[in-house]
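With mmCIF, C-alpha atoms inside, this is data23.cif:
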```cif
data_input
loop_
_atom_site.label_atom_id
_atom_site.label_comp_id
_atom_site.auth_asym_id
_atom_site.auth_seq_id
_atom_site.Cartn_x
_atom_site.Cartn_y
_atom_site.Cartn_z
CA MET A 1 -12.49 -3.52 -28.94
CA THR A 2 -10.18 -5.62 -31.11
CA SER A 3 -7.16 -4.89 -28.99
CA ALA A 4 -8.85 -6.34 -25.95
CA THR A 5 -9.42 -9.67 -27.66
CA GLN A 6 -5.84 -10.08 -28.85
CA PRO A 7 -3.82 -12.74 -27.07
CA ILE A 8 -1.83 -10.81 -24.54
CA ILE A 9 0.71 -13.50 -23.74
CA ASN A 10 3.67 -13.60 -26.05
CA LYS A 11 3.70 -16.98 -27.75
CA GLN A 12 7.06 -16.95 -29.47
CA SER A 13 10.02 -18.87 -28.04
CA ASP A 14 7.59 -20.30 -25.56
CA SER A 15 8.84 -23.86 -25.55
CA THR A 16 12.49 -23.15 -24.70
CA ALA A 17 11.47 -20.79 -21.92
CA LEU A 18 9.12 -23.40 -20.55
CA ALA A 19 11.80 -26.09 -20.81
CA PHE A 20 14.21 -23.93 -18.84
CA ALA A 21 11.54 -23.31 -16.23
CA VAL A 22 10.72 -27.02 -15.92
CA ALA A 23 14.40 -27.92 -15.57
CA TYR A 24 14.79 -25.28 -12.90
CA THR A 25 11.74 -26.64 -11.08
CA ILE A 26 13.22 -30.14 -11.01
CA ILE A 27 16.63 -28.91 -9.81
CA THR A 28 15.03 -26.79 -7.08
CA PHE A 29 12.99 -29.75 -5.92
CA CYS A 30 16.17 -31.84 -5.80
CA ILE A 31 17.98 -29.21 -3.74
CA VAL A 32 15.10 -28.95 -1.27
CA ALA A 33 14.86 -32.72 -1.00
CA ALA A 34 18.62 -32.97 -0.48
CA TYR A 35 18.43 -30.40 2.26
CA ALA A 36 15.40 -32.00 3.92
CA THR A 37 16.98 -35.45 4.07
CA GLY A 38 20.29 -34.12 5.37
CA PHE A 39 22.07 -35.19 2.22
CA LEU A 40 23.20 -31.66 1.38
CA ASN A 41 24.66 -31.22 4.81
CA GLY A 42 26.68 -34.42 4.47
CA LEU A 43 27.79 -33.39 1.00
CA LEU A 44 29.07 -30.04 2.26
CA LEU A 45 30.89 -31.66 5.16
CA GLY A 46 32.31 -34.33 2.89
CA ALA A 47 33.64 -31.71 0.49
CA GLY A 48 35.86 -30.37 3.24
CA LEU A 49 33.62 -27.37 3.90
CA GLY A 50 33.00 -28.44 7.48
CA PRO A 51 35.75 -26.33 9.12
CA THR A 52 34.92 -23.39 6.86
CA LEU A 53 31.28 -23.53 7.88
CA GLU A 54 32.31 -23.65 11.48
CA SER A 55 34.68 -20.72 11.20
CA TRP A 56 31.99 -18.67 9.47
CA GLN A 57 29.54 -19.78 12.16
CA LEU A 58 27.32 -21.15 9.43
CA LYS A 59 27.12 -24.61 10.91
CA ASP A 60 23.55 -24.16 12.11
CA TYR A 61 22.58 -22.23 9.02
CA THR A 62 22.98 -24.81 6.28
CA GLU A 63 19.57 -23.89 4.94
CA LEU A 64 21.08 -20.57 3.89
CA ILE A 65 23.41 -22.42 1.55
CA ALA A 66 20.45 -24.16 -0.09
CA PHE A 67 18.73 -20.76 -0.37
CA VAL A 68 21.74 -19.11 -1.98
CA MET A 69 22.10 -22.03 -4.38
CA ILE A 70 18.46 -21.73 -5.43
CA VAL A 71 18.67 -17.96 -5.90
CA ILE A 72 21.89 -18.01 -7.94
CA LEU A 73 20.63 -20.87 -10.09
CA GLY A 74 17.34 -19.02 -10.62
CA SER A 75 19.14 -15.86 -11.69
CA ILE A 76 21.23 -17.82 -14.19
CA VAL A 77 18.19 -19.61 -15.62
CA ALA A 78 16.23 -16.35 -15.88
CA LEU A 79 19.14 -14.64 -17.65
CA MET A 80 19.45 -17.59 -20.04
CA GLY A 81 15.85 -17.08 -21.08
CA GLY A 82 13.69 -19.12 -18.78
CA ARG A 83 10.23 -17.81 -18.22
CA THR A 84 10.79 -15.28 -15.46
CA SER A 85 7.48 -15.55 -13.64
CA VAL A 86 7.63 -19.35 -13.31
CA VAL A 87 11.28 -19.27 -12.29
CA MET A 88 10.64 -16.64 -9.64
CA ALA A 89 7.62 -18.43 -8.20
CA VAL A 90 9.35 -21.81 -8.12
CA GLY A 91 12.50 -20.34 -6.61
CA THR A 92 10.50 -18.56 -3.93
CA ILE A 93 8.53 -21.66 -3.00
CA GLY A 94 11.65 -23.83 -2.99
CA SER A 95 13.65 -21.47 -0.83
CA PHE A 96 10.66 -21.00 1.45
CA PHE A 97 10.56 -24.76 1.98
CA ALA A 98 14.31 -24.96 2.53
CA LEU A 99 14.28 -22.09 5.01
CA THR A 100 11.31 -23.15 7.10
CA LEU A 101 11.56 -26.93 7.42
CA ASN A 102 12.38 -28.04 10.97
CA GLN A 103 11.80 -24.57 12.40
CA HIS A 104 9.54 -23.30 15.11
CA PRO A 105 6.06 -22.35 13.80
CA LEU A 106 6.63 -18.70 14.75
CA ILE A 107 9.67 -18.55 12.49
CA GLN A 108 7.70 -20.24 9.72
CA TYR A 109 4.99 -17.59 9.88
CA LEU A 110 7.50 -14.76 10.07
CA THR A 111 9.34 -16.15 7.05
CA LEU A 112 6.12 -16.40 5.06
CA ALA A 113 5.33 -12.79 5.97
CA ALA A 114 8.82 -11.75 4.89
CA VAL A 115 8.33 -13.53 1.55
CA LEU A 116 5.01 -11.79 0.95
CA PHE A 117 6.49 -8.44 1.97
CA ALA A 118 9.41 -8.87 -0.42
CA ILE A 119 7.02 -9.84 -3.24
CA GLY A 120 4.95 -6.75 -2.50
CA LEU A 121 8.05 -4.55 -2.52
CA TYR A 122 9.21 -5.99 -5.83
CA GLY A 123 5.79 -5.49 -7.37
CA MET A 124 5.58 -1.95 -6.07
CA VAL A 125 8.86 -0.97 -7.68
CA VAL A 126 8.47 -2.88 -10.94
CA SER A 127 4.84 -2.43 -11.94
CA ARG A 128 3.92 0.51 -14.10
CA ASN A 129 0.22 0.59 -13.47
CA ALA A 130 -0.72 2.76 -10.53
CA VAL A 131 -3.53 0.45 -9.45
CA ARG A 132 -1.13 -2.48 -9.35
CA VAL A 133 1.16 -0.45 -7.11
CA LEU A 134 -1.77 -0.07 -4.72
CA MET A 135 -2.38 -3.83 -4.87
CA SER A 136 1.26 -4.43 -3.93
CA ILE A 137 0.87 -2.09 -0.98
CA GLU A 138 -2.13 -4.12 0.16
CA LEU A 139 0.05 -7.25 -0.06
CA MET A 140 2.69 -5.64 2.15
CA LEU A 141 0.10 -4.59 4.72
CA ASN A 142 -1.21 -8.14 4.82
CA ALA A 143 2.27 -9.48 5.44
CA VAL A 144 2.58 -7.17 8.43
CA ASN A 145 -0.77 -8.45 9.69
CA ILE A 146 0.46 -12.05 9.52
CA ASN A 147 3.45 -11.04 11.63
CA LEU A 148 1.30 -9.41 14.27
CA VAL A 149 -1.18 -12.26 14.51
CA ALA A 150 1.64 -14.82 14.75
CA PHE A 151 3.17 -12.82 17.60
CA ALA A 152 -0.22 -12.74 19.32
CA ARG A 153 -0.45 -16.51 19.06
CA TYR A 154 3.06 -17.54 20.07
CA VAL A 155 4.55 -14.71 22.14
CA ASP A 156 1.67 -12.96 23.85
CA PRO A 157 -1.36 -15.27 24.09
CA ILE A 158 -2.67 -13.68 27.28
CA HIS A 159 -3.44 -10.13 26.16
CA ILE A 160 -3.53 -10.67 22.41
CA LYS A 161 -2.14 -7.22 21.65
CA GLY A 162 -0.99 -8.25 18.20
CA GLN A 163 -4.53 -8.91 17.06
CA ILE A 164 -5.67 -5.51 18.30
CA PHE A 165 -2.91 -3.79 16.36
CA ALA A 166 -3.84 -5.89 13.34
CA ILE A 167 -7.39 -4.53 13.59
CA PHE A 168 -6.06 -0.98 13.50
CA ILE A 169 -3.89 -1.83 10.49
CA LEU A 170 -6.98 -3.24 8.78
CA THR A 171 -8.80 0.05 9.37
CA VAL A 172 -5.98 2.19 8.08
CA ALA A 173 -5.56 -0.11 5.07
CA ALA A 174 -9.20 0.31 4.14
CA ALA A 175 -8.92 4.09 4.38
CA GLU A 176 -5.68 4.03 2.39
CA ALA A 177 -7.21 1.92 -0.36
CA ALA A 178 -10.19 4.23 -0.72
CA VAL A 179 -8.15 7.44 -0.80
CA GLY A 180 -5.40 5.99 -2.98
CA LEU A 181 -7.81 4.70 -5.58
CA ALA A 182 -9.66 8.02 -5.57
CA ILE A 183 -6.36 9.79 -6.21
CA VAL A 184 -5.54 7.39 -9.06
CA LEU A 185 -8.98 7.98 -10.52
CA SER A 186 -8.60 11.73 -10.34
CA ILE A 187 -5.15 11.58 -11.95
CA TYR A 188 -6.57 9.36 -14.67
CA ARG A 189 -9.31 11.86 -15.30
CA ASN A 190 -6.80 14.66 -15.72
CA THR A 191 -4.05 12.91 -17.67
CA SER A 192 -5.95 9.89 -19.12
CA THR A 193 -3.16 7.49 -18.16
CA VAL A 194 -2.31 5.39 -15.14
CA ASP A 195 1.25 4.68 -16.23
CA MET A 196 3.68 5.41 -13.42
CA GLU A 197 6.36 6.55 -15.89
CA ARG A 198 4.12 9.35 -17.11
CA PHE A 199 3.25 10.80 -13.73
CA ASN A 200 5.60 13.72 -13.80
CA LEU A 201 3.16 16.31 -12.53
CA LEU A 202 5.48 17.38 -9.74
CA LYS A 203 8.57 17.61 -11.93
CA TRP A 204 9.79 21.02 -12.90
CA MET B 1 5.58 -46.81 -0.43
CA GLU B 2 7.22 -46.83 2.96
CA GLN B 3 8.14 -43.19 2.46
CA TYR B 4 4.56 -42.40 1.58
CA GLU B 5 3.31 -44.07 4.75
CA LEU B 6 5.90 -42.11 6.72
CA LEU B 7 4.79 -38.87 5.09
CA LYS B 8 1.15 -39.69 5.71
CA GLY B 9 1.79 -40.39 9.36
CA TRP B 10 3.73 -37.15 9.67
CA ALA B 11 0.92 -35.21 8.03
CA GLU B 12 -1.64 -36.75 10.35
CA THR B 13 0.32 -35.87 13.46
CA ASN B 14 1.28 -32.38 12.23
CA ILE B 15 -2.02 -31.28 10.78
CA GLU B 16 -1.34 -27.64 11.65
CA SER B 17 2.01 -27.60 9.91
CA THR B 18 0.55 -29.34 6.87
CA MET B 19 -2.25 -26.82 6.62
CA PHE B 20 0.26 -24.02 7.01
CA TYR B 21 2.30 -25.30 4.09
CA ILE B 22 -0.75 -25.80 1.92
CA LEU B 23 -1.93 -22.24 2.59
CA ALA B 24 1.55 -20.85 2.02
CA MET B 25 1.77 -22.74 -1.27
CA MET B 26 -1.47 -21.04 -2.23
CA ALA B 27 -0.54 -17.56 -1.03
CA ILE B 28 2.87 -17.24 -2.72
CA PRO B 29 1.80 -18.11 -6.31
CA PHE B 30 -1.31 -15.95 -5.96
CA ALA B 31 0.89 -13.05 -4.85
CA TYR B 32 3.14 -13.59 -7.86
CA GLY B 33 0.05 -13.67 -10.05
CA VAL B 34 -1.02 -10.34 -8.62
CA ILE B 35 2.21 -8.59 -9.44
CA LEU B 36 3.18 -10.35 -12.68
CA ASP B 37 -0.01 -11.17 -14.56
CA LYS B 38 -0.18 -9.41 -17.90
CA ALA B 39 -3.94 -8.91 -17.75
CA ILE B 40 -4.38 -6.56 -14.86
CA ILE B 41 -8.05 -7.30 -14.30
CA ARG B 42 -7.11 -10.92 -13.60
CA SER B 43 -4.51 -9.87 -11.07
CA GLY B 44 -7.25 -7.88 -9.37
CA PHE B 45 -9.23 -11.06 -8.95
CA LEU B 46 -6.17 -13.09 -7.91
CA LEU B 47 -5.93 -10.70 -4.98
CA ILE B 48 -8.97 -12.51 -3.58
CA GLY B 49 -6.92 -15.71 -3.52
CA VAL B 50 -4.10 -14.07 -1.55
CA PHE B 51 -6.49 -12.61 0.97
CA GLY B 52 -8.39 -15.90 1.24
CA SER B 53 -5.24 -17.87 2.02
CA ILE B 54 -4.21 -15.28 4.58
CA CYS B 55 -7.67 -15.64 6.12
CA GLY B 56 -6.95 -19.38 6.43
CA LEU B 57 -3.62 -18.59 8.09
CA PHE B 58 -5.43 -16.39 10.61
CA LEU B 59 -7.80 -19.27 11.35
CA LEU B 60 -4.78 -21.52 11.95
CA LEU B 61 -3.42 -18.91 14.35
CA GLN B 62 -6.76 -18.97 16.21
CA ALA B 63 -7.68 -15.40 15.33
CA GLN B 64 -11.26 -16.03 14.30
CA PHE B 65 -12.41 -12.43 14.45
CA LEU B 66 -9.51 -11.21 12.35
CA ALA B 67 -10.04 -14.02 9.84
CA LEU B 68 -13.62 -12.99 9.23
CA ALA B 69 -12.71 -9.30 9.20
CA GLN B 70 -10.00 -10.11 6.66
CA LEU B 71 -12.51 -11.93 4.49
CA MET B 72 -15.06 -9.13 4.67
CA ILE B 73 -12.81 -6.08 4.43
CA TYR B 74 -10.00 -7.29 2.18
CA ALA B 75 -11.32 -10.16 0.10
CA VAL B 76 -14.63 -8.47 -0.60
CA GLY B 77 -14.36 -4.76 0.12
CA ILE B 78 -10.92 -3.69 -1.01
CA THR B 79 -10.82 -6.12 -3.93
CA LEU B 80 -14.17 -4.78 -5.11
CA VAL B 81 -12.92 -1.20 -4.91
CA ILE B 82 -9.74 -2.14 -6.80
CA VAL B 83 -11.65 -3.96 -9.54
CA ILE B 84 -14.00 -1.02 -9.95
CA ALA B 85 -11.02 1.32 -10.17
CA LEU B 86 -9.49 -0.97 -12.79
CA MET B 87 -12.66 -0.79 -14.81
CA LEU B 88 -12.78 2.99 -14.56
CA THR B 89 -9.16 3.45 -15.57
CA ASN B 90 -8.36 1.86 -18.90
CA PRO B 91 -7.11 -1.69 -18.45
CA ARG B 92 -6.17 -2.03 -22.09
CA MET B 93 -3.02 -0.09 -21.37
CA GLU B 94 -1.43 -3.36 -20.33
CA THR B 95 -1.52 -4.66 -23.90
CA ILE B 96 0.50 -1.66 -25.02
CA ARG B 97 3.03 -2.52 -22.36
CA GLN B 98 4.02 -5.62 -24.31
CA ALA B 99 5.81 -3.56 -26.92
CA GLU B 100 7.68 -1.46 -24.39
CA PRO B 101 10.98 -2.60 -22.95
CA ALA B 102 10.92 -3.98 -19.47
CA SER B 103 11.16 -1.61 -16.60
CA PRO B 104 14.84 -0.63 -16.21
CA ASN B 105 14.82 -0.99 -12.44
CA GLN B 106 13.76 -4.64 -12.53
CA LEU B 107 17.14 -6.06 -11.54
CA GLY B 108 17.62 -3.48 -8.83
CA ALA B 109 14.16 -4.19 -7.46
CA PHE B 110 14.88 -7.90 -7.43
CA MET B 111 18.13 -7.41 -5.56
CA VAL B 112 16.53 -5.07 -3.06
CA ALA B 113 13.70 -7.53 -2.46
CA VAL B 114 16.08 -10.47 -1.94
CA GLY B 115 18.29 -8.39 0.33
CA LEU B 116 15.30 -7.29 2.39
CA PHE B 117 14.13 -10.85 2.70
CA MET B 118 17.58 -12.03 3.77
CA THR B 119 17.81 -9.27 6.37
CA ILE B 120 14.41 -10.09 7.85
CA TYR B 121 15.13 -13.81 7.84
CA LEU B 122 18.53 -13.49 9.50
CA SER B 123 17.10 -11.25 12.20
CA VAL B 124 14.15 -13.56 12.78
CA ARG B 125 15.98 -16.87 12.65
CA PRO B 126 17.97 -16.87 15.96
CA GLU B 127 15.67 -18.47 18.47
CA THR B 128 15.79 -15.82 21.13
CA TRP B 129 12.07 -15.20 21.22
CA ASN B 130 10.32 -15.12 24.58
CA LEU B 131 7.94 -17.81 23.51
CA SER B 132 4.95 -18.42 25.71
CA SER B 133 3.89 -22.01 26.06
CA GLU B 134 0.33 -21.12 27.02
CA ASN B 135 -2.47 -21.70 24.61
CA LEU B 136 -4.63 -18.97 23.26
CA ASP B 137 -8.05 -18.67 24.82
CA PRO B 138 -10.49 -20.01 22.21
CA ALA B 139 -12.94 -17.22 23.02
CA ASN B 140 -10.54 -14.42 22.26
CA VAL B 141 -13.16 -12.22 20.61
CA GLU B 142 -14.28 -11.20 24.07
CA LEU B 143 -10.69 -10.25 24.94
CA ILE B 144 -10.44 -8.09 21.83
CA GLY B 145 -13.73 -6.36 22.55
CA ARG B 146 -12.79 -5.69 26.13
CA ALA B 147 -9.40 -4.28 25.13
CA LEU B 148 -10.93 -2.08 22.43
CA CYS B 149 -13.41 -0.60 24.90
CA THR B 150 -10.97 -0.01 27.77
CA ASP B 151 -7.27 0.28 27.03
CA TYR B 152 -7.51 1.08 23.36
CA SER B 153 -10.70 3.14 23.32
CA LEU B 154 -8.94 6.34 22.28
CA PRO B 155 -7.22 4.82 19.20
CA PHE B 156 -10.51 3.12 18.42
CA GLU B 157 -12.37 6.44 18.35
CA PHE B 158 -9.58 8.06 16.38
CA SER B 159 -9.72 5.30 13.80
CA SER B 160 -13.41 6.01 13.31
CA VAL B 161 -12.59 9.68 12.75
CA LEU B 162 -9.89 8.61 10.28
CA LEU B 163 -12.38 6.44 8.39
CA LEU B 164 -14.87 9.31 8.20
CA ALA B 165 -12.20 11.69 6.91
CA ALA B 166 -11.02 9.13 4.38
CA LEU B 167 -14.60 8.54 3.23
CA ILE B 168 -15.28 12.23 2.68
CA GLY B 169 -11.89 12.77 1.07
CA ALA B 170 -12.34 9.85 -1.31
CA VAL B 171 -15.77 11.10 -2.35
CA MET B 172 -14.45 14.61 -2.91
CA LEU B 173 -11.49 13.36 -4.95
CA ALA B 174 -13.39 10.91 -7.09
CA LYS B 175 -16.44 13.08 -7.67
CA ALA B 176 -16.85 13.80 -11.35
CA ASP B 177 -17.27 17.36 -12.48
CA LYS B 178 -20.83 18.01 -13.46
CA PRO B 179 -21.08 18.11 -17.25
CA ARG B 180 -22.35 21.49 -18.34
CA LYS B 181 -25.11 21.70 -20.88
CA LYS B 182 -24.94 24.20 -23.64
CA GLY B 183 -26.88 27.34 -23.00
CA GLU B 184 -27.45 26.57 -19.37
CA ASP B 185 -26.64 29.72 -17.48
CA ASP B 186 -24.50 29.18 -14.45
CA LEU B 187 -24.68 31.58 -11.61
CA GLU B 188 -21.23 33.00 -10.97
CA TYR B 189 -19.07 31.37 -13.61
CA SER B 190 -21.13 32.31 -16.63
CA VAL B 191 -19.61 35.76 -17.13
CA VAL B 192 -16.05 35.68 -18.41
CA ASP B 193 -14.45 39.03 -19.21
CA GLY B 194 -17.73 40.77 -19.28
CA ARG B 195 -19.39 38.48 -21.82
CA PRO B 196 -21.32 35.30 -21.20
CA ALA B 197 -19.40 32.08 -21.62
CA THR B 198 -20.19 29.87 -24.57
CA GLY B 199 -20.74 26.81 -22.48
CA ASP B 200 -18.03 24.89 -24.37
CA ARG B 201 -15.40 25.89 -21.90
CA HIS B 202 -14.66 22.31 -21.00
CA ALA B 203 -13.60 21.59 -24.54
CA GLU B 204 -10.62 23.85 -23.98
CA HIS B 205 -9.49 21.72 -21.08
CA GLU B 206 -8.09 18.91 -23.16
CA PRO B 207 -6.73 16.06 -21.12
CA VAL B 208 -2.98 16.36 -20.89
CA GLY B 209 -2.37 12.83 -22.02
CA ALA B 210 -4.38 13.29 -25.20
CA LYS B 211 -1.62 15.37 -26.77
CA ARG B 212 1.18 12.91 -26.28
#
```
Using the file provided, produce a representation of the structure as structure tokens.
Amino acid sequence: MTSATQPIINKQSDSTALAFAVAYTIITFCIVAAYATGFLNGLLLGAGLGPTLESWQLKDYTELIAFVMIVILGSIVALMGGRTSVVMAVGTIGSFFALTLNQHPLIQYLTLAAVLFAIGLYGMVVSRNAVRVLMSIELMLNAVNINLVAFARYVDPIHIKGQIFAIFILTVAAAEAAVGLAIVLSIYRNTSTVDMERFNLLKW
Amino acid sequence: MEQYELLKGWAETNIESTMFYILAMMAIPFAYGVILDKAIIRSGFLLIGVFGSICGLFLLLQAQFLALAQLMIYAVGITLVIVIALMLTNPRMETIRQAEPASPNQLGAFMVAVGLFMTIYLSVRPETWNLSSENLDPANVELIGRALCTDYSLPFEFSSVLLLAALIGAVMLAKADKPRKKGEDDLEYSVVDGRPATGDRHAEHEPVGAKR
């Protein structure tokens, strides 16, 4: 049982990674604040980008510029050695703020659902443990549920059809979780691993 | 200080929006914890946090029935099943993962996720929704029950059949083979090639992964 008690988080080069992550957090906060106060918009117009924005029909979409700035900056910081998980979480929260401030509540909920769906997709592709893949799928199903319930609240409040469909999704998700975990268990019993890279049973 | 007062006044008038942002700030880091935490058993428990914040979002959207169903089915039921599955499969594999190089499709997955998010956002953002200005009936559980028993009764029955099939299938898949005792004579499997089996037959079936 010694391997279970080992520290599983890598401690080396921790401080520089954390410093990068903290710097990125501060810059993201500044970008979001600049967008929220209208300062970024004025800056872009002052830099002579006004006609360009208009010709690209981006004039009402200045939040997209803040989003792209945050994403590119986050990629650079992560490549330079910032701690990836912190950078990704901070970038997601910052861009979520920038994209949903001053929007209708329906769009806010749909954006949150899109964020959760994208996180679930990323986790499903990246993770190597089969159980974690199933967790990511549960995340994606929940994001869809948020969408449906938001539609039931803001688009169709008379016959709340979205909530009824969400109930069916809940049922299917429960069945999927049970069967999927049983399949993972049975594969584990036969191959004694749950690593996705080693599941090549169907390869010939 | 003036800014703070302004912010406080805004928060008091927009209590729904404030609660939405608080719950979103909870849900997104929990979701990242689920997919990125090195100790997988902890990410199994962080799943409760995601489902709990989504339950709060459902309450904000006035879907009381769905909020409680979410809490009972997801935050308790599915999380429990996942944690049990984590305990049955070996969670110490994650410590081995440290030495391995990162998954090669990480960058591609990141780009696909960002592209998907951008696509959804750009299609959602134009305000062409047929928004209804009416408020939701606070007693919408009755509406749901009525709809499930009239218009949607057939899908409702089918979902119960689906649950039964999934239950039986999961039990059949996860059922462990009965360990055979030595010398115990089985009825039809005990004779192999005309001579009785030794009873150690399961020792020949080495797990595939054990030879790697």
**Request:** Just need the residues of chain A within 6 Å of chain B, counting only C-alpha atoms, so spit them out as a PyMOL selection string.
**Result:** chain A and resi 114+118+122-123+126+154-155+157+175+179+182+186+190-192
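Nearest-residue note for Phe96 of chain A: choosing from A:Ser127, A:Asn147, A:Val32, A:Gly81, the minimum distance belongs to A:Val32, counting all atoms listed in the file.
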Open item on the list: Evaluated on this file, the PyMOL selection byres ((chain A and resi 141) around 10) picks out some residues - which ones are they, written as a list of chain:residue names?
Closed with: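 When the PyMOL selection byres ((chain A and resi 141) around 10) is applied to the shown file, the picked residues are A:Ala113, A:Leu116, A:Phe117, A:Gly120, A:Met135, A:Ser136, A:Ile137, A:Glu138, A:Leu139, A:Met140, A:Asn142, A:Ala143, A:Val144, A:Asn145, A:Ile146, A:Ala166, A:Ile169, A:Leu170, A:Val172, A:Ala173.
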Asn200 of chain A proximity check over A:Leu99, A:Ala36, A:Ile187, A:Leu110, using all atoms listed in the file: winner is A:Ile187
Fill in: Contacts of Ala78 of chain A at 9 Å (all atoms listed in the file; same-chain gap of 5+ positions) as a PyMOL selection string
chain A and resi 17+20-21+73+83-84+87-88
Between atom CA of Met26 of chain B and atom CA of Gly49 of chain B, what distance in Å does the model show, to one decimal?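 Computed distance, atom CA of Met26 of chain B to atom CA of Gly49 of chain B, equals 7.7 Å.
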